[in-house]
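Containing mmCIF, C-alpha atoms: protein-v6.cif.
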```cif
data_start
#
loop_
_atom_site.label_atom_id
_atom_site.label_comp_id
_atom_site.auth_asym_id
_atom_site.auth_seq_id
_atom_site.Cartn_x
_atom_site.Cartn_y
_atom_site.Cartn_z
CA MET H 1076 122.88 -0.44 -3.50
CA MET H 1077 124.43 1.54 -6.32
CA LEU H 1078 127.91 0.44 -5.21
CA GLU H 1079 126.74 -3.18 -4.99
CA ASN H 1080 125.44 -2.95 -8.55
CA ILE H 1081 128.72 -1.46 -9.81
CA ASN H 1082 130.81 -4.07 -7.96
CA GLU H 1083 128.67 -6.86 -9.40
CA LEU H 1084 129.26 -5.52 -12.93
CA LEU H 1085 133.01 -5.21 -12.28
CA LYS H 1086 133.23 -9.00 -11.86
CA ASN H 1087 132.65 -9.46 -15.59
CA LYS H 1088 135.79 -7.93 -17.14
CA ASP H 1089 134.55 -8.48 -20.71
CA LYS H 1090 131.41 -6.34 -20.52
CA LYS H 1091 131.51 -2.58 -20.96
CA PHE H 1092 129.28 -0.36 -18.87
CA ALA H 1093 129.00 3.39 -18.34
CA LEU H 1094 128.32 5.68 -15.40
CA LEU H 1095 126.37 8.89 -15.98
CA PHE H 1096 126.92 11.36 -13.14
CA ILE H 1097 123.97 13.80 -13.35
CA ASP H 1098 123.77 17.09 -11.48
CA LEU H 1099 120.74 19.32 -12.09
CA ASP H 1100 121.39 22.90 -13.20
CA ASP H 1101 119.83 25.82 -11.27
CA PHE H 1102 117.87 23.46 -9.01
CA LYS H 1103 118.86 25.61 -6.02
CA ASN H 1104 116.92 28.54 -7.49
CA ILE H 1105 113.73 26.46 -7.51
CA ASN H 1106 114.20 25.57 -3.82
CA ASP H 1107 114.99 29.20 -2.95
CA ASN H 1108 112.18 30.79 -4.92
CA PHE H 1109 109.38 28.23 -4.61
CA GLY H 1110 110.26 26.25 -1.47
CA HIS H 1111 111.46 22.71 -0.80
CA GLN H 1112 108.05 21.09 -1.36
CA VAL H 1113 108.11 22.29 -4.96
CA GLY H 1114 111.78 21.20 -5.16
CA ASP H 1115 110.74 17.70 -4.05
CA LYS H 1116 108.01 17.54 -6.71
CA VAL H 1117 110.56 18.55 -9.35
CA LEU H 1118 112.99 15.84 -8.13
CA LYS H 1119 110.24 13.21 -8.43
CA LYS H 1120 109.47 14.41 -11.95
CA VAL H 1121 113.19 14.29 -12.86
CA ALA H 1122 113.50 10.76 -11.42
CA SER H 1123 110.50 9.66 -13.50
CA THR H 1124 111.98 11.30 -16.64
CA LEU H 1125 115.34 9.58 -16.09
CA LYS H 1126 113.68 6.18 -15.61
CA ASP H 1127 111.73 6.62 -18.85
CA SER H 1128 114.90 7.61 -20.75
CA ILE H 1129 116.91 4.44 -20.03
CA GLY H 1130 116.56 0.76 -20.86
CA THR H 1131 114.89 -1.75 -18.50
CA GLN H 1132 118.26 -3.34 -17.73
CA ASP H 1133 119.86 0.00 -16.76
CA ILE H 1134 119.99 1.21 -13.13
CA ILE H 1135 119.29 4.64 -11.68
CA SER H 1136 120.19 5.90 -8.19
CA ARG H 1137 119.73 9.24 -6.45
CA ILE H 1138 122.92 9.78 -4.50
CA GLY H 1139 122.00 12.99 -2.70
CA GLY H 1140 120.42 16.41 -3.19
CA ASP H 1141 119.94 16.88 -6.93
CA GLU H 1142 122.57 14.33 -7.99
CA PHE H 1143 121.81 11.06 -9.74
CA ILE H 1144 123.96 8.25 -11.12
CA ILE H 1145 122.77 6.07 -13.98
CA ILE H 1146 124.50 2.77 -14.77
CA LEU H 1147 124.17 1.84 -18.44
CA LYS H 1148 124.82 -1.91 -18.73
CA ASP H 1149 126.10 -4.00 -21.64
CA ILE H 1150 127.35 -1.10 -23.77
CA GLU H 1151 127.93 -2.21 -27.36
CA SER H 1152 129.15 1.24 -28.50
CA ASP H 1153 129.62 4.83 -27.28
CA ILE H 1154 126.83 5.86 -29.67
CA TYR H 1155 124.26 4.26 -27.32
CA ILE H 1156 125.59 6.35 -24.39
CA LYS H 1157 125.23 9.57 -26.38
CA GLU H 1158 121.74 8.56 -27.52
CA VAL H 1159 120.65 8.07 -23.90
CA VAL H 1160 122.25 11.35 -22.76
CA LEU H 1161 120.65 13.36 -25.57
CA ARG H 1162 117.28 11.74 -24.78
CA ILE H 1163 117.65 12.71 -21.11
CA GLN H 1164 118.56 16.29 -21.95
CA LYS H 1165 115.71 16.63 -24.43
CA GLU H 1166 113.18 15.33 -21.88
CA LEU H 1167 114.54 17.50 -19.05
CA LYS H 1168 114.16 20.62 -21.20
CA LYS H 1169 110.38 20.16 -21.12
CA PRO H 1170 109.19 22.59 -18.44
CA VAL H 1171 107.62 21.43 -15.18
CA THR H 1172 104.48 23.48 -14.52
CA TYR H 1173 103.81 24.83 -11.04
CA ASN H 1174 101.00 27.35 -10.38
CA GLU H 1175 100.99 28.26 -14.08
CA GLU H 1176 104.73 28.94 -13.89
CA ALA H 1177 107.03 26.95 -16.20
CA LEU H 1178 110.07 25.66 -14.30
CA ILE H 1179 112.97 24.78 -16.60
CA ILE H 1180 115.37 22.05 -15.48
CA GLY H 1181 118.64 21.19 -17.16
CA ALA H 1182 121.47 18.87 -16.25
CA SER H 1183 125.24 18.66 -16.35
CA ILE H 1184 126.20 15.08 -17.14
CA GLY H 1185 129.65 13.53 -16.72
CA ILE H 1186 130.38 10.10 -18.19
CA SER H 1187 132.94 7.43 -17.38
CA ILE H 1188 133.19 4.05 -19.12
CA PHE H 1189 134.46 0.71 -17.79
CA PRO H 1190 137.18 -0.42 -18.30
CA GLU H 1191 138.96 2.49 -20.07
CA HIS H 1192 138.20 5.12 -17.41
CA GLY H 1193 138.69 2.97 -14.33
CA GLU H 1194 138.56 -0.57 -13.04
CA ASP H 1195 137.04 0.05 -9.62
CA SER H 1196 133.92 1.87 -8.41
CA ASP H 1197 135.76 4.80 -6.74
CA THR H 1198 137.77 5.66 -9.86
CA LEU H 1199 134.77 5.37 -12.18
CA ILE H 1200 132.57 7.56 -9.96
CA ASN H 1201 135.36 10.11 -9.40
CA ASN H 1202 136.08 10.35 -13.14
CA ALA H 1203 132.40 10.76 -14.03
CA ASP H 1204 132.24 13.46 -11.33
CA LEU H 1205 135.29 15.25 -12.81
CA ALA H 1206 133.66 15.19 -16.26
CA MET H 1207 130.43 16.61 -14.78
CA TYR H 1208 132.33 19.48 -13.12
CA GLU H 1209 133.99 20.26 -16.44
CA VAL H 1210 130.48 20.74 -17.88
CA LYS H 1211 129.40 22.87 -14.88
CA LYS H 1212 132.44 25.09 -15.28
CA ASN H 1213 131.51 25.75 -18.91
CA GLY H 1214 127.96 26.82 -18.07
CA GLY H 1215 126.17 23.48 -17.59
CA TYR H 1216 123.29 22.06 -19.70
CA ASP H 1217 125.64 19.70 -21.55
CA PHE H 1218 127.56 16.43 -21.19
CA ALA H 1219 131.20 15.37 -21.30
CA ILE H 1220 133.01 12.05 -21.41
CA TYR H 1221 135.96 11.79 -19.01
CA SER H 1222 139.45 12.38 -20.40
CA PRO H 1223 142.83 12.37 -18.61
CA LYS H 1224 143.13 16.13 -19.37
CA MET H 1225 140.49 16.71 -16.70
CA GLU H 1226 142.77 14.97 -14.21
CA HIS H 1227 145.59 17.36 -15.15
CA LYS H 1228 143.28 20.29 -14.49
CA ALA H 1229 142.54 18.85 -11.05
CA ILE H 1230 146.31 18.62 -10.44
CA ASP H 1231 146.69 22.24 -11.63
CA LYS H 1232 144.08 23.22 -9.06
CA LEU H 1233 146.10 21.48 -6.33
CA GLU H 1234 149.23 23.37 -7.41
CA MET H 1235 147.28 26.64 -7.39
CA LYS H 1236 145.97 25.83 -3.91
CA MET H 1237 149.56 25.42 -2.66
CA LYS H 1238 150.65 28.66 -4.38
CA LEU H 1239 147.72 30.61 -2.88
CA ASN H 1240 148.50 29.18 0.54
CA LYS H 1241 152.14 30.24 0.20
CA ALA H 1242 151.12 33.68 -1.11
CA LEU H 1243 149.60 34.59 2.27
CA VAL H 1244 152.64 33.34 4.20
CA ASN H 1245 155.02 35.20 1.85
CA ASN H 1246 152.94 38.40 1.94
CA GLU H 1247 152.42 38.39 -1.84
CA PHE H 1248 148.93 39.88 -1.71
CA MET H 1249 148.42 43.63 -1.80
CA VAL H 1250 145.43 45.94 -1.55
CA TYR H 1251 144.53 48.49 -4.21
CA TYR H 1252 142.00 51.24 -3.48
CA GLN H 1253 139.51 52.74 -5.91
CA PRO H 1254 137.95 56.12 -5.00
CA ILE H 1255 134.19 56.53 -4.54
CA MET H 1256 132.92 60.11 -4.93
CA ASP H 1257 129.97 61.67 -3.13
CA LEU H 1258 128.01 63.57 -5.81
CA LYS H 1259 126.59 66.10 -3.34
CA SER H 1260 129.93 67.29 -1.95
CA MET H 1261 132.04 66.09 -4.95
CA LYS H 1262 134.51 64.73 -2.36
CA VAL H 1263 136.15 61.31 -2.09
CA LEU H 1264 135.44 60.08 1.43
CA ASN H 1265 135.23 56.38 0.64
CA SER H 1266 137.16 53.78 -1.32
CA GLU H 1267 136.69 50.17 -2.32
CA ALA H 1268 139.50 47.83 -1.27
CA LEU H 1269 140.46 45.46 -4.09
CA ILE H 1270 142.95 42.61 -3.82
CA ARG H 1271 145.90 42.04 -6.15
CA TRP H 1272 148.51 39.26 -6.21
CA ARG H 1273 152.12 40.17 -6.87
CA GLN H 1274 154.06 37.34 -8.56
CA GLY H 1275 157.52 38.58 -9.43
CA ASP H 1276 157.10 41.61 -11.71
CA ARG H 1277 153.48 40.74 -12.54
CA ILE H 1278 150.43 42.08 -10.71
CA ILE H 1279 147.63 39.51 -11.09
CA PRO H 1280 144.03 40.85 -11.04
CA PRO H 1281 141.44 39.08 -8.85
CA ILE H 1282 139.46 37.69 -11.81
CA GLU H 1283 142.43 35.37 -12.49
CA PHE H 1284 142.74 33.84 -9.02
CA ILE H 1285 139.65 34.52 -6.84
CA PRO H 1286 137.40 31.94 -8.64
CA ILE H 1287 140.20 29.37 -8.22
CA ALA H 1288 140.67 30.36 -4.56
CA LYS H 1289 136.93 29.75 -4.04
CA SER H 1290 136.98 26.37 -5.77
CA VAL H 1291 140.02 25.08 -3.82
CA GLY H 1292 138.85 26.35 -0.43
CA GLU H 1293 141.44 29.12 0.06
CA ILE H 1294 139.10 32.11 -0.16
CA ILE H 1295 138.34 32.51 3.57
CA PRO H 1296 141.92 33.22 4.80
CA ILE H 1297 142.45 35.56 1.82
CA ASP H 1298 139.19 37.43 2.51
CA ASN H 1299 140.01 37.72 6.22
CA TRP H 1300 143.50 39.08 5.46
CA MET H 1301 141.96 41.56 3.03
CA LEU H 1302 139.44 42.79 5.60
CA GLU H 1303 142.10 43.34 8.28
CA SER H 1304 144.48 45.11 5.86
CA ALA H 1305 141.73 47.49 4.65
CA CYS H 1306 140.71 48.33 8.24
CA ILE H 1307 144.34 49.13 9.20
CA GLN H 1308 144.65 51.45 6.18
CA CYS H 1309 141.31 53.15 6.85
CA LYS H 1310 142.30 53.89 10.46
CA LYS H 1311 145.59 55.38 9.26
CA TRP H 1312 143.81 57.68 6.78
CA ASN H 1313 141.35 58.80 9.43
CA GLU H 1314 144.26 59.74 11.68
CA ILE H 1315 146.28 61.69 9.11
CA GLY H 1316 143.54 63.90 7.71
CA SER H 1317 140.30 62.43 6.34
CA HIS H 1318 138.45 62.08 9.63
CA GLU H 1319 135.24 60.75 8.04
CA PHE H 1320 136.93 58.35 5.62
CA SER H 1321 135.43 54.87 5.21
CA VAL H 1322 136.46 51.74 3.35
CA SER H 1323 134.35 49.18 1.45
CA VAL H 1324 135.44 45.53 1.52
CA ASN H 1325 133.98 42.66 -0.50
CA THR H 1326 132.79 39.59 1.38
CA SER H 1327 132.14 36.09 0.06
CA TYR H 1328 129.39 33.68 1.07
CA SER H 1329 132.03 31.30 2.46
CA GLN H 1330 133.42 34.10 4.64
CA LEU H 1331 130.01 35.31 5.82
CA LYS H 1332 128.85 31.89 6.96
CA GLN H 1333 131.94 31.24 9.13
CA PRO H 1334 130.56 30.68 12.66
CA GLU H 1335 133.14 33.08 14.11
CA PHE H 1336 133.02 35.76 11.37
CA VAL H 1337 130.95 38.33 13.29
CA SER H 1338 133.28 38.16 16.31
CA LEU H 1339 136.33 38.24 13.97
CA VAL H 1340 135.14 41.54 12.44
CA GLN H 1341 134.39 42.90 15.92
CA ASP H 1342 137.90 41.97 17.09
CA ILE H 1343 139.54 43.64 14.06
CA LEU H 1344 137.63 46.90 14.67
CA GLU H 1345 138.52 46.85 18.40
CA VAL H 1346 142.20 45.98 17.92
CA TYR H 1347 142.73 48.84 15.43
CA SER H 1348 140.24 51.23 17.14
CA LEU H 1349 138.29 51.75 13.93
CA PRO H 1350 134.69 52.94 14.57
CA PRO H 1351 132.27 50.46 12.87
CA LYS H 1352 130.61 53.23 10.82
CA TYR H 1353 133.81 53.53 8.75
CA LEU H 1354 133.61 49.91 7.55
CA ASN H 1355 131.30 49.03 4.67
CA LEU H 1356 130.87 45.33 3.82
CA GLU H 1357 129.86 44.55 0.24
CA VAL H 1358 127.88 41.41 -0.55
CA THR H 1359 126.90 40.51 -4.14
CA GLU H 1360 123.36 39.61 -5.17
CA ASP H 1361 124.40 36.02 -5.94
CA GLU H 1362 126.21 35.61 -2.60
CA ALA H 1363 123.18 37.02 -0.73
CA MET H 1364 120.91 34.45 -2.37
CA GLU H 1365 123.10 31.46 -1.43
CA ASP H 1366 121.24 31.07 1.87
CA PHE H 1367 118.95 34.05 2.18
CA GLU H 1368 117.75 33.67 5.79
CA THR H 1369 121.26 32.97 7.12
CA ILE H 1370 122.75 35.95 5.27
CA ILE H 1371 120.01 38.29 6.56
CA ASN H 1372 120.72 37.15 10.12
CA ILE H 1373 124.47 37.76 9.78
CA LEU H 1374 124.05 41.14 8.06
CA GLU H 1375 121.61 42.28 10.76
CA GLN H 1376 124.25 41.52 13.40
CA PHE H 1377 126.72 43.73 11.51
CA LYS H 1378 124.10 46.44 11.08
CA SER H 1379 123.40 46.46 14.84
CA MET H 1380 127.15 47.01 15.41
CA GLY H 1381 127.01 50.13 13.19
CA ILE H 1382 128.77 48.59 10.17
CA LYS H 1383 127.40 49.69 6.76
CA ILE H 1384 126.20 47.08 4.23
CA SER H 1385 126.21 47.39 0.43
CA LEU H 1386 124.53 45.14 -2.13
CA ASP H 1387 127.09 44.85 -4.94
CA ASP H 1388 126.68 44.05 -8.68
CA PHE H 1389 123.00 45.02 -8.55
CA GLY H 1390 121.19 44.48 -11.84
CA THR H 1391 123.07 41.33 -12.89
CA GLY H 1392 121.26 38.72 -10.79
CA TYR H 1393 117.84 38.32 -9.22
CA SER H 1394 117.14 42.06 -8.65
CA SER H 1395 113.91 41.38 -6.80
CA LEU H 1396 112.36 44.29 -4.92
CA ASN H 1397 110.97 41.71 -2.50
CA TYR H 1398 114.37 40.63 -1.18
CA VAL H 1399 116.01 44.08 -1.41
CA ASN H 1400 113.38 45.22 1.05
CA LYS H 1401 114.26 42.34 3.42
CA LEU H 1402 118.05 42.77 3.32
CA PRO H 1403 119.44 45.21 5.93
CA ILE H 1404 121.40 47.29 3.39
CA ASP H 1405 122.56 50.92 3.35
CA LYS H 1406 123.72 51.07 -0.27
CA ILE H 1407 123.00 49.48 -3.64
CA LYS H 1408 125.87 49.40 -6.14
CA ILE H 1409 124.58 49.46 -9.72
CA ASP H 1410 126.69 47.09 -11.82
CA LYS H 1411 128.85 48.68 -14.52
CA SER H 1412 127.18 46.54 -17.21
CA LEU H 1413 124.13 48.82 -16.84
CA ILE H 1414 126.28 51.98 -16.96
CA MET H 1415 128.04 51.07 -20.22
CA ASN H 1416 126.55 53.01 -23.16
CA LEU H 1417 124.27 54.83 -20.72
CA GLU H 1418 124.33 57.87 -23.00
CA THR H 1419 122.64 55.96 -25.85
CA ASN H 1420 120.89 53.03 -24.16
CA TYR H 1421 117.41 54.23 -23.19
CA LYS H 1422 116.46 50.87 -21.63
CA ASN H 1423 119.41 50.95 -19.23
CA LEU H 1424 118.70 54.59 -18.41
CA THR H 1425 115.12 53.65 -17.45
CA ILE H 1426 116.33 50.70 -15.31
CA ILE H 1427 118.89 52.91 -13.50
CA LYS H 1428 116.27 55.58 -12.87
CA SER H 1429 113.97 52.93 -11.38
CA ILE H 1430 116.75 51.54 -9.15
CA ILE H 1431 117.60 55.04 -7.84
CA ASN H 1432 113.94 55.86 -7.14
CA MET H 1433 113.36 52.47 -5.50
CA GLY H 1434 116.50 52.82 -3.37
CA HIS H 1435 115.64 56.30 -2.19
CA SER H 1436 112.08 55.25 -1.29
CA LEU H 1437 113.64 52.57 0.97
CA ASP H 1438 116.19 55.04 2.39
CA ILE H 1439 119.03 53.28 0.54
CA LYS H 1440 121.90 55.23 -1.07
CA ILE H 1441 122.90 54.40 -4.65
CA VAL H 1442 126.44 53.96 -5.99
CA ALA H 1443 126.99 53.73 -9.76
CA GLU H 1444 130.07 51.70 -10.79
CA GLY H 1445 132.12 51.92 -13.98
CA ILE H 1446 131.74 55.67 -14.64
CA GLU H 1447 134.13 56.61 -17.45
CA THR H 1448 132.72 59.75 -19.13
CA LYS H 1449 131.61 63.23 -18.05
CA GLU H 1450 128.31 62.64 -19.83
CA GLN H 1451 127.62 59.59 -17.64
CA LEU H 1452 128.43 61.75 -14.60
CA ARG H 1453 126.02 64.46 -15.80
CA ILE H 1454 123.18 61.96 -16.36
CA LEU H 1455 123.68 60.32 -12.95
CA ASN H 1456 123.75 63.73 -11.30
CA GLU H 1457 120.44 64.55 -12.96
CA LEU H 1458 118.98 61.22 -11.77
CA LYS H 1459 120.08 62.12 -8.20
CA CYS H 1460 122.49 59.19 -7.85
CA ASP H 1461 124.39 59.49 -4.52
CA PHE H 1462 127.87 58.15 -5.30
CA ILE H 1463 129.96 57.22 -8.33
CA GLN H 1464 132.95 54.96 -8.80
CA GLY H 1465 134.98 54.42 -11.96
CA TYR H 1466 137.96 55.47 -14.07
CA LEU H 1467 136.60 59.03 -14.43
CA ILE H 1468 137.38 59.52 -10.71
CA GLY H 1469 140.31 57.12 -10.50
CA LYS H 1470 141.41 53.59 -11.28
CA PRO H 1471 142.26 51.11 -8.48
CA MET H 1472 145.69 52.17 -7.15
CA GLU H 1473 148.22 51.39 -4.46
CA ALA H 1474 147.63 52.94 -1.02
CA SER H 1475 150.53 55.43 -1.40
CA GLU H 1476 149.15 56.82 -4.68
CA PHE H 1477 145.61 56.97 -3.28
CA GLU H 1478 146.89 58.83 -0.22
CA HIS H 1479 148.74 61.35 -2.36
CA LYS H 1480 145.67 62.06 -4.54
CA PHE H 1481 142.73 61.88 -2.14
CA ILE H 1482 143.75 62.00 1.53
CA ASN H 1483 144.22 65.53 2.84
#
```
Just dump the structure as structure tokens.
Amino acid sequence: MMLENINELLKNKDKKFALLFIDLDDFKNINDNFGHQVGDKVLKKVASTLKDSIGTQDIISRIGGDEFIIILKDIESDIYIKEVVLRIQKELKKPVTYNEEALIIGASIGISIFPEHGEDSDTLINNADLAMYEVKKNGGYDFAIYSPKMEHKAIDKLEMKMKLNKALVNNEFMVYYQPIMDLKSMKVLNSEALIRWRQGDRIIPPIEFIPIAKSVGEIIPIDNWMLESACIQCKKWNEIGSHEFSVSVNTSYSQLKQPEFVSLVQDILEVYSLPPKYLNLEVTEDEAMEDFETIINILEQFKSMGIKISLDDFGTGYSSLNYVNKLPIDKIKIDKSLIMNLETNYKNLTIIKSIINMGHSLDIKIVAEGIETKEQLRILNELKCDFIQGYLIGKPMEASEFEHKFIN
């Protein structure tokens, strides 16, 4: 029906109209935390708000999930479009009350205008979608009108996708290892495997290419390569001296939900004869919350194989005791943002103390990341933290340097 309406408007070449591509911000959290029935109520409220924010001649459609498209007809000027958008955003900011809890909804809105941004329905919808994603990428809760620059960014993404694809074939990725120290024995018997991308003389850190790899669908082959490489290295180090050495490898939600991922990990461990207890898979809070029940199921399969599980970046996301208790985890990694200024930040100190006590009561070991000073080490020792990781022990380094310093 939406397409029929657009195609009908396209017949009159002299009349301007606009498409507003609306995607709700943080709607997934409402579904996850309050259930789909509450999510449905919120969607009905949003639909009602959108209808009240537009003119009687304008058309609104829900095109799936939490996405809506509004067709603003007979546009005299761009000012009217902005007026409507600002009205929508103002109304959506009013909280929806559920069980005395105020649920805040926002929206990312992308706009395309006929005829300057397209002369057919596909182009207009695609360009409004591109503008919406530009808003999402910048944190959401805003609007943007399509510009050709957004198209160039999409082309840049395609080029990056091809480069990332070629990087695997050309063996351009490498693994760095950062030591993790056991505070009881003061020994390094574990390391975190961290990917780097060598392009000519430059070593590119993951922050510069992993988000792009995720957005262009290249993250799974990269993650799988990383996992295999780290397992090969761990086996080698176990053979040449450190018989109890283990390696921690980051996993992504995309990788975890692969139907064949559990058997892939099993095959890697069998092929390289690495006992499962020497592999530690790290999943971030945000990744764990993507599809909570599915992730629990997958992690429990790994746990039953003897693989260790860590919850990474703890303290930056949901940090709910309720779900920590449900996840089959062996370790919690306290995010370095809580460790910074630990010596002077009493609030952070109290939070860290609580995390350590909570973890130990659930038989979970605690790793503190980002340790840079001896004073931080002293405090964490006093708080009975189990492991530390950070520049005080060693920066991420190539396997040969790590071997020289820590494998004996």
Quiz item: So which residues get picked by the PyMOL selection byres ((chain H and resi 1319-1327) around 6) here, written as a list in words?
Solution: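 Selection result, ordered by chain and number: Leu1264, Asn1265, Ser1266, Glu1267, Ala1268, Asn1313, Ser1317, His1318, Tyr1328, Ser1329, Gln1330, Tyr1353, Leu1354, Asn1355, Leu1356, Glu1357 and Val1358 of chain H.
Residues with any atom within 8 Å of Arg1271 in chain H, counting all atoms listed in the file and excluding same-chain neighbours fewer than 3 positions away, are Phe1248, Met1249, Val1250, Tyr1251, Ile1278, Ile1279, Pro1280 and Pro1281 of chain H.
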Self-check item: Picked residues, the PyMOL selection byres ((chain H and resi 1431) around 9), as a ChimeraX atom specification
Solution: /H:1407,1426-1430,1432-1436,1439-1441,1458-1461
Exercise. Considering all atoms listed in the file, state which residue in the set H:Ser1128, H:Gln1253, H:Thr1359, H:Ser1222 is at the smallest distance from Leu1147 in chain H.
Key: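 Counting all atoms listed in the file, the residue closest to Leu1147 in chain H is H:Ser1128.
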Exercise. Please write the residues picked by the PyMOL selection byres ((chain H and resi 1160-1165) around 12) on this file as a VMD selection string.
Key: chain H and resid 1093 to 1100 1121 to 1130 1145 to 1147 1153 to 1159 1166 to 1170 1179 to 1186 1215 to 1220
Please write the residues from the selection above to a file, keeping C-alpha atoms, as a CSV table (one decimal), in the coordinates of the input.
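Just written: out_8.csv:
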```
chain,number,residue,atom,x,y,z
H,1093,ALA,CA,129.0,3.4,-18.3
H,1094,LEU,CA,128.3,5.7,-15.4
H,1095,LEU,CA,126.4,8.9,-16.0
H,1096,PHE,CA,126.9,11.4,-13.1
H,1097,ILE,CA,124.0,13.8,-13.4
H,1098,ASP,CA,123.8,17.1,-11.5
H,1099,LEU,CA,120.7,19.3,-12.1
H,1100,ASP,CA,121.4,22.9,-13.2
H,1121,VAL,CA,113.2,14.3,-12.9
H,1122,ALA,CA,113.5,10.8,-11.4
H,1123,SER,CA,110.5,9.7,-13.5
H,1124,THR,CA,112.0,11.3,-16.6
H,1125,LEU,CA,115.3,9.6,-16.1
H,1126,LYS,CA,113.7,6.2,-15.6
H,1127,ASP,CA,111.7,6.6,-18.8
H,1128,SER,CA,114.9,7.6,-20.8
H,1129,ILE,CA,116.9,4.4,-20.0
H,1130,GLY,CA,116.6,0.8,-20.9
H,1145,ILE,CA,122.8,6.1,-14.0
H,1146,ILE,CA,124.5,2.8,-14.8
H,1147,LEU,CA,124.2,1.8,-18.4
H,1153,ASP,CA,129.6,4.8,-27.3
H,1154,ILE,CA,126.8,5.9,-29.7
H,1155,TYR,CA,124.3,4.3,-27.3
H,1156,ILE,CA,125.6,6.4,-24.4
H,1157,LYS,CA,125.2,9.6,-26.4
H,1158,GLU,CA,121.7,8.6,-27.5
H,1159,VAL,CA,120.6,8.1,-23.9
H,1166,GLU,CA,113.2,15.3,-21.9
H,1167,LEU,CA,114.5,17.5,-19.0
H,1168,LYS,CA,114.2,20.6,-21.2
H,1169,LYS,CA,110.4,20.2,-21.1
H,1170,PRO,CA,109.2,22.6,-18.4
H,1179,ILE,CA,113.0,24.8,-16.6
H,1180,ILE,CA,115.4,22.0,-15.5
H,1181,GLY,CA,118.6,21.2,-17.2
H,1182,ALA,CA,121.5,18.9,-16.2
H,1183,SER,CA,125.2,18.7,-16.4
H,1184,ILE,CA,126.2,15.1,-17.1
H,1185,GLY,CA,129.6,13.5,-16.7
H,1186,ILE,CA,130.4,10.1,-18.2
H,1215,GLY,CA,126.2,23.5,-17.6
H,1216,TYR,CA,123.3,22.1,-19.7
H,1217,ASP,CA,125.6,19.7,-21.6
H,1218,PHE,CA,127.6,16.4,-21.2
H,1219,ALA,CA,131.2,15.4,-21.3
H,1220,ILE,CA,133.0,12.0,-21.4
```
Exercise. Give me, please, the distance in Å between CA of Leu1085 in chain H and CA of Thr1198 in chain H, quoted to one decimal.
Key: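 Going from CA of Leu1085 in chain H over to CA of Thr1198 in chain H covers 12.1 Å.
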Exercise. Using all atoms listed in the file, pick whichever of H:Gly1214, H:Gly1139, H:Pro1286, H:Pro1403 has the shortest atom-to-atom distance to Gln1376 in chain H.
Key: H:Pro1403
Quiz prompt | Polymer residues at most 12 Å from Glu1335 in chain H, all atoms listed in the file, same-chain spacing of 6 or more positions, as an MDAnalysis selection string | solution = chainID H and resid 1295 1299 1329 1341:1342 1373
Residues just named, written with C-alpha atoms as a short mmCIF file (atom, residue, chain, number, x, y, z; two decimals), keeping the file's coordinate frame:
```
data_model
loop_
_atom_site.label_atom_id
_atom_site.label_comp_id
_atom_site.auth_asym_id
_atom_site.auth_seq_id
_atom_site.Cartn_x
_atom_site.Cartn_y
_atom_site.Cartn_z
CA ILE H 1295 138.34 32.51 3.57
CA ASN H 1299 140.01 37.72 6.22
CA SER H 1329 132.03 31.30 2.46
CA GLN H 1341 134.39 42.90 15.92
CA ASP H 1342 137.90 41.97 17.09
CA ILE H 1373 124.47 37.76 9.78
#
```
Skipping near chain neighbours, those fewer than 6 positions away, what residues fall within 10 Å of Val1263 in chain H using only C-alpha atoms, listed as a PDB file with C-alpha atoms, in the coordinates of the input?
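Saved to selection.pdb:
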```
ATOM      1  CA  GLN H1253     139.510  52.740  -5.910  1.00  0.00           C
ATOM      2  CA  PRO H1254     137.950  56.120  -5.000  1.00  0.00           C
ATOM      3  CA  ILE H1255     134.190  56.530  -4.540  1.00  0.00           C
ATOM      4  CA  MET H1256     132.920  60.110  -4.930  1.00  0.00           C
ATOM      5  CA  ASP H1257     129.970  61.670  -3.130  1.00  0.00           C
ATOM      6  CA  SER H1317     140.300  62.430   6.340  1.00  0.00           C
ATOM      7  CA  PHE H1320     136.930  58.350   5.620  1.00  0.00           C
ATOM      8  CA  SER H1321     135.430  54.870   5.210  1.00  0.00           C
ATOM      9  CA  PHE H1462     127.870  58.150  -5.300  1.00  0.00           C
ATOM     10  CA  ILE H1463     129.960  57.220  -8.330  1.00  0.00           C
ATOM     11  CA  GLN H1464     132.950  54.960  -8.800  1.00  0.00           C
ATOM     12  CA  ILE H1468     137.380  59.520 -10.710  1.00  0.00           C
ATOM     13  CA  LYS H1480     145.670  62.060  -4.540  1.00  0.00           C
ATOM     14  CA  PHE H1481     142.730  61.880  -2.140  1.00  0.00           C
ATOM     15  CA  ILE H1482     143.750  62.000   1.530  1.00  0.00           C
TER      16      ILE H1482
END
```
Self-check item: H:Val1210, H:Ile1414, H:Leu1233, H:Leu1243 ranked by distance to Ile1294 in chain H, top pick (using all atoms listed in the file)
Solution: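 Between H:Val1210, H:Ile1414, H:Leu1233, H:Leu1243, the residue approaching Ile1294 in chain H most closely is H:Leu1243.
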Quiz prompt | Distance criterion (only C-alpha atoms): nearest to Gln1274 in chain H out of H:Lys1224, H:Lys1311, H:Lys1411, H:Lys1241 | solution = H:Lys1241
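For the pair CA of Glu1283 in chain H and CA of Gly1390 in chain H, the separation is 23.1 Å.
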Self-check item: Gap from CA of Glu1447 in chain H to CA of Gly1469 in chain H - Å, one decimal
Solution: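 Computing it gives 9.3 Å between the two atoms.
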Quiz item: Of the residues H:Tyr1466, H:Phe1389, H:Tyr1221, H:Trp1312, which is the one nearest to Met1207 in chain H, using all atoms listed in the file?
Solution: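 Among H:Tyr1466, H:Phe1389, H:Tyr1221, H:Trp1312, it is H:Tyr1221 that comes nearest to Met1207 in chain H.
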